Protein chains: 2
Amino acid sequence: MEVTRKNFSSVLPEVEKAINEADFLCVDTEFSGLHASSSFHISSLDTPEERYHKLRKGSSDFLVFQVGLCTFCYNEEDKKYEAKPFNFYVFPKPYSRAAPDCRFLCQSSSIDFLASQGFDFNKVFKEGIPFITSTQESELRDLMEERHKQYKQFSSPAFVTPDSGAEAVTTKGPINVPEEHKDFIEGICKSVEEFLEKDGEENLSLPPCNGFVRKLIYQTVRQRFQSGVHLGAKTDEKKQRYIQVTRIKTEDEMKMKEQEKQSAELAELEEAVGFTKVIRLISQSGKLMVGHNMFMDLVHLLNRFCSQLPENYQEFKAMAKCVFPKILDTKLMANTAPCKDLLPSSVLGDLLNHTSCTPFKPPEIVIPENFPQYKLDDSNLHEAAYDAYITGICFTAMSNFLGGLQNPPLPNVLPDATIIKPFTNKLFLMRISDIPYLDLAGDDVLPSRDHVFHVTFPKEWKAPDLYQLFSPFGNVYITWLDDVSAFVSLYKKDQSATVMSTLCKRDTRYKIMTYELFKNGLPDKESR
Amino acid sequence: MEVTRKNFSSVLPEVEKAINEADFLCVDTEFSGLHASSSFHISSLDTPEERYHKLRKGSSDFLVFQVGLCTFCYNEEDKKYEAKPFNFYVFPKPYSRAAPDCRFLCQSSSIDFLASQGFDFNKVFKEGIPFITSTQESELRDLMEERHKQYKQFSSPAFVTPDSGAEAVTTKGPINVPEEHKDFIEGICKSVEEFLEKDGEENLSLPPCNGFVRKLIYQTVRQRFQSGVHLGAKTDEKKQRYIQVTRIKTEDEMKMKEQEKQSAELAELEEAVGFTKVIRLISQSGKLMVGHNMFMDLVHLLNRFCSQLPENYQEFKAMAKCVFPKILDTKLMANTAPCKDLLPSSVLGDLLNHTSCTPFKPPEIVIPENFPQYKLDDSNLHEAAYDAYITGICFTAMSNFLGGLQNPPLPNVLPDATIIKPFTNKLFLMRISDIPYLDLAGDDVLPSRDHVFHVTFPKEWKAPDLYQLFSPFGNVYITWLDDVSAFVSLYKKDQSATVMSTLCKRDTRYKIMTYELFKNGLPDKESR
Ligand SMILES: Nc1nc2c(ncn2[C@@H]2O[C@H](COP(=O)(O)OP(=O)(O)O)[C@@H](O)[C@H]2O)c(=O)[nH]1
Ligand SMILES: Nc1nc2c(ncn2[C@@H]2O[C@H](COP(=O)(O)OP(=O)(O)O)[C@@H](O)[C@H]2O)c(=O)[nH]1
């Protein structure tokens, strides 16, 4: 189901119901770019912590354009899953002039990729559901309450100096209307006077003008007409700002006007929270959230809808676990034995094909009428809700396969099954060969890298020079860092002990050190 | 006329013809944002140089989405202008995998504004004309020539160490195929062997695989089959990369293949230059380029299509004059007497309305059939080509009005008229009241700011506190810098001399200094 600004509030109860009745949830996101610069490229020798820092620094300025949520609910009677795929278009349209005006990064190649997949950018920018992070929401709420409280003390807070009483508001200091604006402001005052004299219309719309002139109008009109009028800024159809003057007869009427304005402000903030409400529903449900290769998705969901990503890696883990207490990454499942041995590729589209036949056990699925009846034919691939949908299918197909290997075999594996436990709260790490996952719920398992060496060399060197250098130790694998340095890993790990003594001779063209020394040296380097 | 990637190369000759026959050109751009952060907000006391630095740092990460060009050609016979409005959608789609992958910033409020104007983002991202800066073009061209030259020396440049001969290429060092890829690579070699034995198809497409495996294939296949095959990477319809093997019978055939590849690369680069060609045509024509409030447009045009903006302000002026030798800003014309006194607003839409009747003299315009027949009714406002079109109308209406004031009156004022000269190569400066323009062709005129004072004060202070402080000197104008500092300008400039001696007493709550001292102190501050 497509969800935009237009139908968000009417669909939200249905989303809530779907989440609450689900056995598990699947998510996927589409975003505006991958890496802010090539210095954040991932490397096969990253540690989980280094990978986190690369994602935090290199990816968090990109924007999430689309979030797919697919809920899966198992029906014991007909042994089928009911799947409800929601496709949310999101965009941080500033909800008011005081609201945060988000700046975000785009990467041409990513935008081009989305474009080639038929992605509808107009829908994002014109109908995207707004959102602010939870942190922004509390800040804005505090500011608003502060303002409303202040209003209770003084009737016209904008012109109050903290150490002056309400009295001072309208009397202190001259109103400094520059010469060139005097005629205009006088004209305005005259039209307000006429408006107040005639007992006709309730409101008077002043001509649009810039912020400075509006400030002059506020000051002058409030001083002249005191509590007889209420002033408020409005935006006309041409997006120009103007002031609306409202007739006020009694002090109570003034209070009511202000009360109305305050309620409207609160409602506006409520609306501005927007898509973040869906993330809160997911979070509060405590249900298993499944994604495919979901590290980047997780980082974006936290950063855009909860709060800025913490600098500290342990804090990130704590935050992730607190917001999404149970997650599962199907790419990790697919890359772990026994599934791994049966799957030539774990790219999502391929995974769906491979897990759709024996020995895997794809589930039977029903999609309710008011949702898109997705065909499993790739035509919707890279639409977030479709990707979330097939992630759920792959998850159950693999889970049921694992269940079938049990003694006695489990017919239908649900998220609370013991065989699912080993996969929960672990994130797959792309292209890292010796560390299978990032463990959100515990300490990461870090393998020995005693067979890895850091080498610095002349720009002119190519792979054969490094192969040559390491030829006494057999095959090596090169991980380029830049054009004058690389990690070199031995295939024959038992040769590691002799590398330093053999290669650390006085050839000044290259410099070699152990992986450990290089890593432990880094903090110094960075603080230099 | 709408111009996208689809019709760009066929329309380009028409654009060239229109530019070359025109009397003057009008331009306008639409971009993805205004200020990277609020610290780049413009202030009424900016100097032209400060304003440039704010634009350079705060705006150049935004992208140009649309460029409007409208050419105006005067027909002496029927006394009418022929206007040709071109609306170019532009987007820096990376033209190849080696091409720059641009990162750009967007500002939510600007995107939302464009969206509300019906802007078609899908057209930009899916059909935008590509472009690279002239600087990027030369760099890429140099790199390519380097590569092509290298190829002439060695047949397989990728595996050559500079200090080893062509011989070394295929023999040096073992090919390090990791255990897990051995079977796959052997299978590939077998299929290449079979392909070479049968004399059927000219090409063999290998299965798609990742970059590392492709590297292994290159190495192994080239070593085994030497000059019998030519290998090249291709992209299939699923955007996956694969290697295409081509049968090579003779050394000459190999050379021809490579020659073909090189020509294709050159043609690709030529295409990648894209929209930058239009900017070059404008530049080479030397014609007057008219824009409305065009400082930001100029900055974007230079930065995106020529080269990165220089840090040095004088270099910026030199670069601007070199690329666009003659520019004119209609907002400056509208804000200069005698036009100024007749125009209540110089916002483009308003300006068109005000200059469409006496005493202004709007031109008669003909738009050729194959161009959009724009109505002057605001419905296309903020479409770049329409804005360029009405800028041209305002320009001629004001020019002809000025011409009518001459003795004897000039009937139709063309860009080379003497009365136009005072406006050329000057940029209007938004919201700066005491400096009318930035002079691209000379030194800026900087007024005395002896009546301006910099004040630092407690956060709690509001405007009345500052009015109070300066009350001995009459009316003041406040320019907020942040919540603890502001510039305060006296209306009565003759009072300036006594301010420092009167206010520099030992009240520790505020600190005051002259504008000049504050400015000259700044460089020290910044280098702290
Ligand atoms: N000196 C040298 N540097 C290289 C060579 N190959 C790659 N590099 C460097 O290593 C970086 C990473 O290369 P690689 O992992 O192949 O590519 P990427 O995935 O395109 O970033 C490159 O940007 C180069 O700076 C080489 O043969 N010699
Ligand atoms: N202390 C103090 N700071 C102010 C006041 N009004 C504005 N400022 C500061 O000056 C900055 C610029 O204000 P202004 O020119 O009104 O607004 P802008 O166009 O929205 O940036 C604000 O962000 C505040 O930090 C005030 O009354 N008291």
# chains A, B, ... in the order shown; residues from 1 in each chain; ligands from 1

$ residues_near_ligand --ligand "ligand 2" --cutoff "10 Å" --atoms "only C-alpha atoms and all ligand atoms" --output "VMD selection string"
(chain A and resid 97 to 98 158 to 161 211 to 212 215) or (chain B and resid 38 to 44 456 to 466 478 to 486)

$ interface_residues --of "chain A" --to "chain B" --cutoff "7 Å" --atoms "only C-alpha atoms" --output "short mmCIF file (atom, residue, chain, number, x, y, z; two decimals) with N, CA, C and O atoms, in the first residue's frame"
data_model
loop_
_atom_site.label_atom_id
_atom_site.label_comp_id
_atom_site.auth_asym_id
_atom_site.auth_seq_id
_atom_site.Cartn_x
_atom_site.Cartn_y
_atom_site.Cartn_z
N ALA A 36 29.75 9.59 1.39
CA ALA A 36 29.95 11.01 1.15
C ALA A 36 31.23 11.27 0.37
O ALA A 36 31.34 12.23 -0.38
N PRO A 92 11.48 15.44 4.62
CA PRO A 92 11.44 16.35 5.76
C PRO A 92 11.04 17.77 5.38
O PRO A 92 11.79 18.72 5.59
N LYS A 93 9.87 17.92 4.78
CA LYS A 93 9.32 19.25 4.47
C LYS A 93 9.25 20.04 5.78
O LYS A 93 8.69 19.56 6.77
N PRO A 94 9.84 21.24 5.81
CA PRO A 94 9.76 22.03 7.05
C PRO A 94 8.29 22.32 7.34
O PRO A 94 7.60 22.86 6.50
N ASP A 101 15.14 23.18 8.95
CA ASP A 101 15.19 23.17 7.49
C ASP A 101 16.38 22.29 7.12
O ASP A 101 17.51 22.74 7.04
N CYS A 102 16.07 21.01 6.93
CA CYS A 102 17.11 19.99 6.79
C CYS A 102 17.94 20.16 5.50
O CYS A 102 17.39 20.43 4.44
N ARG A 103 19.26 20.04 5.63
CA ARG A 103 20.12 19.96 4.45
C ARG A 103 20.52 18.50 4.30
O ARG A 103 20.91 17.88 5.28
N PHE A 104 20.46 17.98 3.10
CA PHE A 104 20.86 16.58 2.93
C PHE A 104 21.68 16.41 1.66
O PHE A 104 21.62 17.22 0.74
N LEU A 105 22.45 15.34 1.67
CA LEU A 105 23.37 15.06 0.57
C LEU A 105 22.74 14.07 -0.41
O LEU A 105 21.94 13.22 -0.02
N CYS A 106 23.09 14.19 -1.68
CA CYS A 106 22.72 13.20 -2.68
C CYS A 106 23.98 12.78 -3.42
O CYS A 106 24.91 13.57 -3.57
N GLN A 107 23.99 11.54 -3.88
CA GLN A 107 25.12 11.04 -4.67
C GLN A 107 24.59 10.76 -6.06
O GLN A 107 23.63 9.99 -6.21
N SER A 108 25.20 11.37 -7.07
CA SER A 108 24.66 11.26 -8.43
C SER A 108 24.42 9.82 -8.86
O SER A 108 23.38 9.50 -9.42
N SER A 109 25.38 8.95 -8.57
CA SER A 109 25.24 7.57 -9.05
C SER A 109 24.06 6.88 -8.38
O SER A 109 23.37 6.07 -9.01
N ILE A 111 21.29 8.42 -7.18
CA ILE A 111 20.09 9.01 -7.75
C ILE A 111 19.84 8.42 -9.13
O ILE A 111 18.71 8.05 -9.48
N ASP A 112 20.92 8.28 -9.89
CA ASP A 112 20.79 7.72 -11.23
C ASP A 112 20.31 6.27 -11.17
O ASP A 112 19.49 5.84 -11.98
N ALA A 115 16.67 6.37 -10.39
CA ALA A 115 15.97 6.83 -11.59
C ALA A 115 15.81 5.69 -12.58
O ALA A 115 14.74 5.50 -13.16
N ASP A 120 9.96 7.25 -8.25
CA ASP A 120 9.19 8.48 -8.46
C ASP A 120 9.64 9.58 -7.48
O ASP A 120 9.14 9.69 -6.37
N PHE A 121 10.58 10.42 -7.93
CA PHE A 121 11.10 11.49 -7.09
C PHE A 121 10.04 12.56 -6.82
O PHE A 121 10.02 13.16 -5.76
N ASN A 122 9.18 12.79 -7.80
CA ASN A 122 8.13 13.80 -7.59
C ASN A 122 7.25 13.41 -6.41
O ASN A 122 6.84 14.25 -5.62
N PHE A 125 9.18 14.28 -3.16
CA PHE A 125 9.34 15.70 -2.84
C PHE A 125 7.99 16.42 -2.70
O PHE A 125 7.88 17.40 -1.99
N LYS A 126 6.98 15.95 -3.44
CA LYS A 126 5.70 16.64 -3.38
C LYS A 126 4.73 16.03 -2.39
O LYS A 126 3.87 16.72 -1.86
N THR A 161 11.63 42.48 27.71
CA THR A 161 12.98 42.20 28.19
C THR A 161 12.78 41.47 29.51
O THR A 161 11.93 41.88 30.31
N PRO A 162 13.52 40.40 29.75
CA PRO A 162 13.28 39.61 30.95
C PRO A 162 13.22 40.44 32.24
O PRO A 162 12.43 40.15 33.12
N GLY A 173 10.97 52.62 25.31
CA GLY A 173 11.73 52.96 24.10
C GLY A 173 10.85 53.43 22.96
O GLY A 173 9.67 53.12 22.88
N ASN A 176 11.42 52.51 16.38
CA ASN A 176 12.34 53.08 15.41
C ASN A 176 11.93 52.77 13.98
O ASN A 176 12.41 51.83 13.37
N GLU A 460 54.69 4.01 -7.73
CA GLU A 460 54.81 3.26 -8.97
C GLU A 460 54.51 1.77 -8.81
O GLU A 460 54.31 1.06 -9.78
N TRP A 461 54.53 1.30 -7.58
CA TRP A 461 54.34 -0.14 -7.38
C TRP A 461 52.94 -0.58 -7.79
O TRP A 461 51.96 0.13 -7.59
N LYS A 462 52.91 -1.80 -8.36
CA LYS A 462 51.64 -2.42 -8.68
C LYS A 462 51.59 -3.76 -7.96
O LYS A 462 52.56 -4.15 -7.29
N PRO A 464 52.06 -6.83 -8.82
CA PRO A 464 53.17 -7.78 -8.95
C PRO A 464 54.37 -7.46 -8.04
O PRO A 464 55.05 -8.38 -7.58
N TYR A 467 53.43 -8.92 -4.77
CA TYR A 467 53.50 -10.39 -4.83
C TYR A 467 54.97 -10.82 -4.77
O TYR A 467 55.34 -11.75 -4.06
N GLN A 468 55.79 -10.11 -5.51
CA GLN A 468 57.22 -10.38 -5.56
C GLN A 468 57.84 -10.29 -4.16
O GLN A 468 58.51 -11.21 -3.69
N ASN A 475 51.20 -17.47 -1.53
CA ASN A 475 50.14 -16.57 -1.99
C ASN A 475 49.79 -15.49 -0.97
O ASN A 475 49.79 -15.76 0.23
N VAL A 476 49.48 -14.30 -1.48
CA VAL A 476 49.00 -13.24 -0.59
C VAL A 476 47.76 -12.60 -1.18
O VAL A 476 47.48 -12.74 -2.38
#

$ atom_distance --atom1 "CA of Ile435 in chain A" --atom2 "CA of Phe295 in chain A"
14.5 Å

$ select_by_dssp --residues "range 278-343 of chain B" --states "strand (DSSP E)" --output "number ranges by chain"
B: 288-291, 327-329

$ residues_around --residues "Cys70 in chain A" --least-positions-apart "5" --cutoff "8 Å" --atoms "only C-alpha atoms" --output "count of residues only"
11

$ residues_around --residues "Phe395 in chain A" --least-positions-apart "2" --cutoff "9 Å" --atoms "only C-alpha atoms" --output "tab-separated table (two decimals) with all heavy atoms, in the first residue's frame"
chain	number	residue	atom	x	y	z
A	290	VAL	N	13.05	-7.77	10.66
A	290	VAL	CA	13.95	-8.47	9.74
A	290	VAL	C	14.33	-7.54	8.58
A	290	VAL	O	13.49	-6.81	8.06
A	290	VAL	CB	13.26	-9.73	9.19
A	290	VAL	CG1	14.18	-10.49	8.25
A	290	VAL	CG2	12.80	-10.63	10.33
A	329	ASP	N	19.12	-10.21	10.36
A	329	ASP	CA	19.61	-9.86	9.03
A	329	ASP	C	19.63	-11.13	8.16
A	329	ASP	O	20.42	-12.04	8.41
A	329	ASP	CB	21.01	-9.25	9.18
A	329	ASP	CG	21.52	-8.64	7.89
A	329	ASP	OD1	21.07	-9.07	6.80
A	329	ASP	OD2	22.39	-7.76	7.97
A	330	THR	N	18.76	-11.18	7.14
A	330	THR	CA	18.70	-12.39	6.31
A	330	THR	C	19.98	-12.63	5.52
A	330	THR	O	20.29	-13.75	5.15
A	330	THR	CB	17.52	-12.34	5.32
A	330	THR	OG1	17.49	-11.04	4.72
A	330	THR	CG2	16.21	-12.60	6.04
A	333	MET	N	22.01	-14.83	7.70
A	333	MET	CA	21.48	-16.20	7.66
A	333	MET	C	21.94	-16.91	6.38
A	333	MET	O	22.39	-18.06	6.42
A	333	MET	CB	19.96	-16.13	7.63
A	333	MET	CG	19.28	-16.69	8.85
A	333	MET	SD	17.50	-16.48	8.66
A	333	MET	CE	16.97	-18.01	9.42
A	362	PRO	N	9.67	-22.23	1.08
A	362	PRO	CA	9.02	-20.92	1.05
A	362	PRO	C	7.60	-21.03	1.61
A	362	PRO	O	6.94	-22.05	1.42
A	362	PRO	CB	9.00	-20.57	-0.44
A	362	PRO	CG	9.13	-21.86	-1.15
A	362	PRO	CD	9.93	-22.75	-0.27
A	390	ILE	N	9.81	-9.56	0.06
A	390	ILE	CA	10.57	-10.76	-0.32
A	390	ILE	C	11.61	-11.11	0.75
A	390	ILE	O	11.99	-12.27	0.89
A	390	ILE	CB	11.19	-10.69	-1.74
A	390	ILE	CG1	12.22	-9.59	-1.87
A	390	ILE	CG2	10.09	-10.53	-2.79
A	390	ILE	CD1	12.94	-9.60	-3.23
A	391	THR	N	12.07	-10.12	1.51
A	391	THR	CA	12.96	-10.42	2.63
A	391	THR	C	12.25	-11.36	3.61
A	391	THR	O	12.83	-12.33	4.10
A	391	THR	CB	13.38	-9.12	3.36
A	391	THR	OG1	14.12	-8.31	2.44
A	391	THR	CG2	14.24	-9.42	4.57
A	392	GLY	N	10.97	-11.09	3.85
A	392	GLY	CA	10.19	-11.94	4.75
A	392	GLY	C	10.03	-13.34	4.20
A	392	GLY	O	10.08	-14.33	4.93
A	393	ILE	N	9.84	-13.43	2.88
A	393	ILE	CA	9.70	-14.75	2.25
A	393	ILE	C	11.01	-15.54	2.39
A	393	ILE	O	11.01	-16.72	2.77
A	393	ILE	CB	9.29	-14.60	0.77
A	393	ILE	CG1	7.93	-13.91	0.69
A	393	ILE	CG2	9.27	-15.95	0.08
A	393	ILE	CD1	7.43	-13.67	-0.72
A	397	ALA	N	11.52	-19.03	4.37
A	397	ALA	CA	12.01	-20.18	3.60
A	397	ALA	C	13.26	-20.76	4.26
A	397	ALA	O	13.41	-21.98	4.37
A	397	ALA	CB	12.30	-19.77	2.16
A	398	MET	N	14.17	-19.88	4.70
A	398	MET	CA	15.40	-20.37	5.34
A	398	MET	C	15.10	-20.91	6.73
A	398	MET	O	15.63	-21.96	7.13
A	398	MET	CB	16.44	-19.25	5.39
A	398	MET	CG	17.03	-18.91	4.02
A	398	MET	SD	18.48	-17.82	4.10
A	398	MET	CE	17.70	-16.27	4.56
A	399	SER	N	14.24	-20.21	7.49
A	399	SER	CA	13.91	-20.66	8.84
A	399	SER	C	13.27	-22.04	8.79
A	399	SER	O	13.63	-22.94	9.57
A	399	SER	CB	12.92	-19.71	9.51
A	399	SER	OG	13.45	-18.43	9.59
A	400	ASN	N	12.32	-22.22	7.88
A	400	ASN	CA	11.66	-23.52	7.79
A	400	ASN	C	12.61	-24.61	7.32
A	400	ASN	O	12.50	-25.77	7.74
A	400	ASN	CB	10.44	-23.43	6.86
A	400	ASN	CG	9.32	-22.62	7.50
A	400	ASN	OD1	9.29	-22.47	8.73
A	400	ASN	ND2	8.41	-22.10	6.69

$ closest_residue --among "B:Glu201, B:Val213, B:Asp183, B:Glu193" --to "ligand 1" --atoms "only C-alpha atoms and all ligand atoms"
B:Val213

$ closest_residue --among "A:Asn380, A:Arg431, A:Tyr515, A:Leu301" --to "ligand 1" --atoms "only C-alpha atoms and all ligand atoms"
A:Arg431

$ select_by_dssp --residues "range 284-313 of chain B" --states "helix (DSSP H, G or I)" --output "PyMOL selection string"
chain B and resi 284-285+295-305+313

$ write_last_selection --atoms "N, CA, C and O atoms" --output "PDB file, in the first residue's frame"
ATOM      1  N   GLN B 284      31.741  32.207 -25.660  1.00  0.00           N
ATOM      2  CA  GLN B 284      32.444  32.545 -26.898  1.00  0.00           C
ATOM      3  C   GLN B 284      31.742  33.621 -27.702  1.00  0.00           C
ATOM      4  O   GLN B 284      32.373  34.381 -28.435  1.00  0.00           O
ATOM      5  N   SER B 285      30.411  33.703 -27.559  1.00  0.00           N
ATOM      6  CA  SER B 285      29.681  34.713 -28.330  1.00  0.00           C
ATOM      7  C   SER B 285      30.042  36.131 -27.872  1.00  0.00           C
ATOM      8  O   SER B 285      29.924  37.076 -28.625  1.00  0.00           O
ATOM      9  N   PHE B 295      23.566  37.266  -9.040  1.00  0.00           N
ATOM     10  CA  PHE B 295      24.812  36.901  -8.369  1.00  0.00           C
ATOM     11  C   PHE B 295      24.865  35.385  -8.122  1.00  0.00           C
ATOM     12  O   PHE B 295      25.827  34.699  -8.493  1.00  0.00           O
ATOM     13  N   MET B 296      23.796  34.865  -7.516  1.00  0.00           N
ATOM     14  CA  MET B 296      23.742  33.430  -7.232  1.00  0.00           C
ATOM     15  C   MET B 296      23.793  32.612  -8.524  1.00  0.00           C
ATOM     16  O   MET B 296      24.496  31.608  -8.597  1.00  0.00           O
ATOM     17  N   ASP B 297      23.051  33.024  -9.547  1.00  0.00           N
ATOM     18  CA  ASP B 297      23.082  32.315 -10.831  1.00  0.00           C
ATOM     19  C   ASP B 297      24.500  32.264 -11.387  1.00  0.00           C
ATOM     20  O   ASP B 297      24.980  31.224 -11.830  1.00  0.00           O
ATOM     21  N   LEU B 298      25.162  33.414 -11.333  1.00  0.00           N
ATOM     22  CA  LEU B 298      26.509  33.506 -11.889  1.00  0.00           C
ATOM     23  C   LEU B 298      27.458  32.557 -11.158  1.00  0.00           C
ATOM     24  O   LEU B 298      28.230  31.815 -11.776  1.00  0.00           O
ATOM     25  N   VAL B 299      27.364  32.576  -9.822  1.00  0.00           N
ATOM     26  CA  VAL B 299      28.205  31.710  -8.999  1.00  0.00           C
ATOM     27  C   VAL B 299      27.989  30.237  -9.379  1.00  0.00           C
ATOM     28  O   VAL B 299      28.924  29.467  -9.549  1.00  0.00           O
ATOM     29  N   HIS B 300      26.730  29.843  -9.547  1.00  0.00           N
ATOM     30  CA  HIS B 300      26.451  28.448  -9.915  1.00  0.00           C
ATOM     31  C   HIS B 300      26.923  28.115 -11.320  1.00  0.00           C
ATOM     32  O   HIS B 300      27.471  27.041 -11.563  1.00  0.00           O
ATOM     33  N   LEU B 301      26.693  29.017 -12.255  1.00  0.00           N
ATOM     34  CA  LEU B 301      27.101  28.747 -13.641  1.00  0.00           C
ATOM     35  C   LEU B 301      28.608  28.545 -13.711  1.00  0.00           C
ATOM     36  O   LEU B 301      29.100  27.621 -14.373  1.00  0.00           O
ATOM     37  N   LEU B 302      29.357  29.400 -13.017  1.00  0.00           N
ATOM     38  CA  LEU B 302      30.816  29.273 -13.049  1.00  0.00           C
ATOM     39  C   LEU B 302      31.257  27.994 -12.352  1.00  0.00           C
ATOM     40  O   LEU B 302      32.055  27.221 -12.877  1.00  0.00           O
ATOM     41  N   ASN B 303      30.703  27.760 -11.167  1.00  0.00           N
ATOM     42  CA  ASN B 303      31.148  26.652 -10.342  1.00  0.00           C
ATOM     43  C   ASN B 303      30.833  25.291 -10.947  1.00  0.00           C
ATOM     44  O   ASN B 303      31.629  24.364 -10.858  1.00  0.00           O
ATOM     45  N   ARG B 304      29.672  25.154 -11.580  1.00  0.00           N
ATOM     46  CA  ARG B 304      29.269  23.850 -12.104  1.00  0.00           C
ATOM     47  C   ARG B 304      29.767  23.589 -13.515  1.00  0.00           C
ATOM     48  O   ARG B 304      29.939  22.443 -13.907  1.00  0.00           O
ATOM     49  N   PHE B 305      29.950  24.642 -14.305  1.00  0.00           N
ATOM     50  CA  PHE B 305      30.252  24.406 -15.720  1.00  0.00           C
ATOM     51  C   PHE B 305      31.633  24.890 -16.134  1.00  0.00           C
ATOM     52  O   PHE B 305      32.070  24.586 -17.236  1.00  0.00           O
ATOM     53  N   TYR B 313      38.922  36.682  -3.967  1.00  0.00           N
ATOM     54  CA  TYR B 313      37.828  37.486  -4.520  1.00  0.00           C
ATOM     55  C   TYR B 313      38.211  38.121  -5.851  1.00  0.00           C
ATOM     56  O   TYR B 313      37.415  38.155  -6.800  1.00  0.00           O
TER      57      TYR B 313
END

$ atom_distance --atom1 "CA of Arg247 in chain A" --atom2 "CA of His148 in chain A"
21.3 Å

$ residues_around --residues "Glu145 in chain B" --least-positions-apart "3" --cutoff "12 Å" --atoms "only C-alpha atoms" --output "ChimeraX atom specification"
/B:138-142,148-152,262-263,265-266,269

$ closest_residue --among "B:Tyr89, B:Glu194, B:Arg214, B:Phe131" --to "ligand 1" --atoms "only C-alpha atoms and all ligand atoms"
B:Arg214

$ atom_distance --atom1 "CA of Gly286 in chain A" --atom2 "CA of Leu69 in chain A"
14.9 Å

$ residues_around --residues "Asp387 in chain A" --least-positions-apart "5" --cutoff "8 Å" --atoms "only C-alpha atoms" --output "compact mmCIF listing (two decimals) with all heavy atoms, in the first residue's frame"
# COMPACT_ATOMS: atom_id res chain seq x y z
N VAL A 27 11.68 -4.74 7.04
CA VAL A 27 11.87 -3.35 6.61
C VAL A 27 12.94 -3.25 5.53
O VAL A 27 13.82 -4.11 5.42
CB VAL A 27 12.28 -2.42 7.76
CG1 VAL A 27 11.18 -2.24 8.77
CG2 VAL A 27 13.55 -2.90 8.41
N ASP A 28 12.82 -2.21 4.75
CA ASP A 28 13.85 -1.89 3.76
C ASP A 28 13.76 -0.38 3.52
O ASP A 28 12.70 0.21 3.65
CB ASP A 28 13.61 -2.64 2.45
CG ASP A 28 14.73 -2.36 1.45
OD1 ASP A 28 15.91 -2.57 1.79
OD2 ASP A 28 14.42 -1.91 0.33
N GLY A 68 10.10 0.82 3.34
CA GLY A 68 9.16 -0.29 3.14
C GLY A 68 8.98 -1.02 4.44
O GLY A 68 9.95 -1.30 5.13
N LEU A 348 19.66 -10.01 -2.77
CA LEU A 348 18.26 -10.26 -2.43
C LEU A 348 17.45 -10.95 -3.54
O LEU A 348 16.79 -11.96 -3.29
CB LEU A 348 17.58 -8.97 -1.97
CG LEU A 348 16.15 -9.13 -1.44
CD1 LEU A 348 16.07 -10.09 -0.28
CD2 LEU A 348 15.56 -7.78 -1.04
N LEU A 381 11.41 -5.00 -7.91
CA LEU A 381 12.65 -5.01 -7.14
C LEU A 381 13.14 -3.57 -6.94
O LEU A 381 13.04 -2.74 -7.84
CB LEU A 381 13.71 -5.84 -7.87
CG LEU A 381 14.80 -6.47 -6.98
CD1 LEU A 381 14.21 -7.50 -6.02
CD2 LEU A 381 15.86 -7.14 -7.84
N HIS A 382 13.64 -3.31 -5.74
CA HIS A 382 14.13 -1.99 -5.32
C HIS A 382 13.02 -1.01 -4.96
O HIS A 382 13.28 0.16 -4.74
CB HIS A 382 15.09 -1.37 -6.34
CG HIS A 382 16.29 -2.22 -6.57
ND1 HIS A 382 17.23 -2.46 -5.59
CD2 HIS A 382 16.69 -2.94 -7.64
CE1 HIS A 382 18.16 -3.26 -6.07
NE2 HIS A 382 17.86 -3.59 -7.31

$ residues_around --residues "Gln495 in chain B" --least-positions-apart "5" --cutoff "12 Å" --atoms "only C-alpha atoms" --output "count of residues only"
15

$ closest_residue --among "B:Ala99, B:Lys190, B:Gln314, B:Val67" --to "ligand 1" --atoms "only C-alpha atoms and all ligand atoms"
B:Ala99
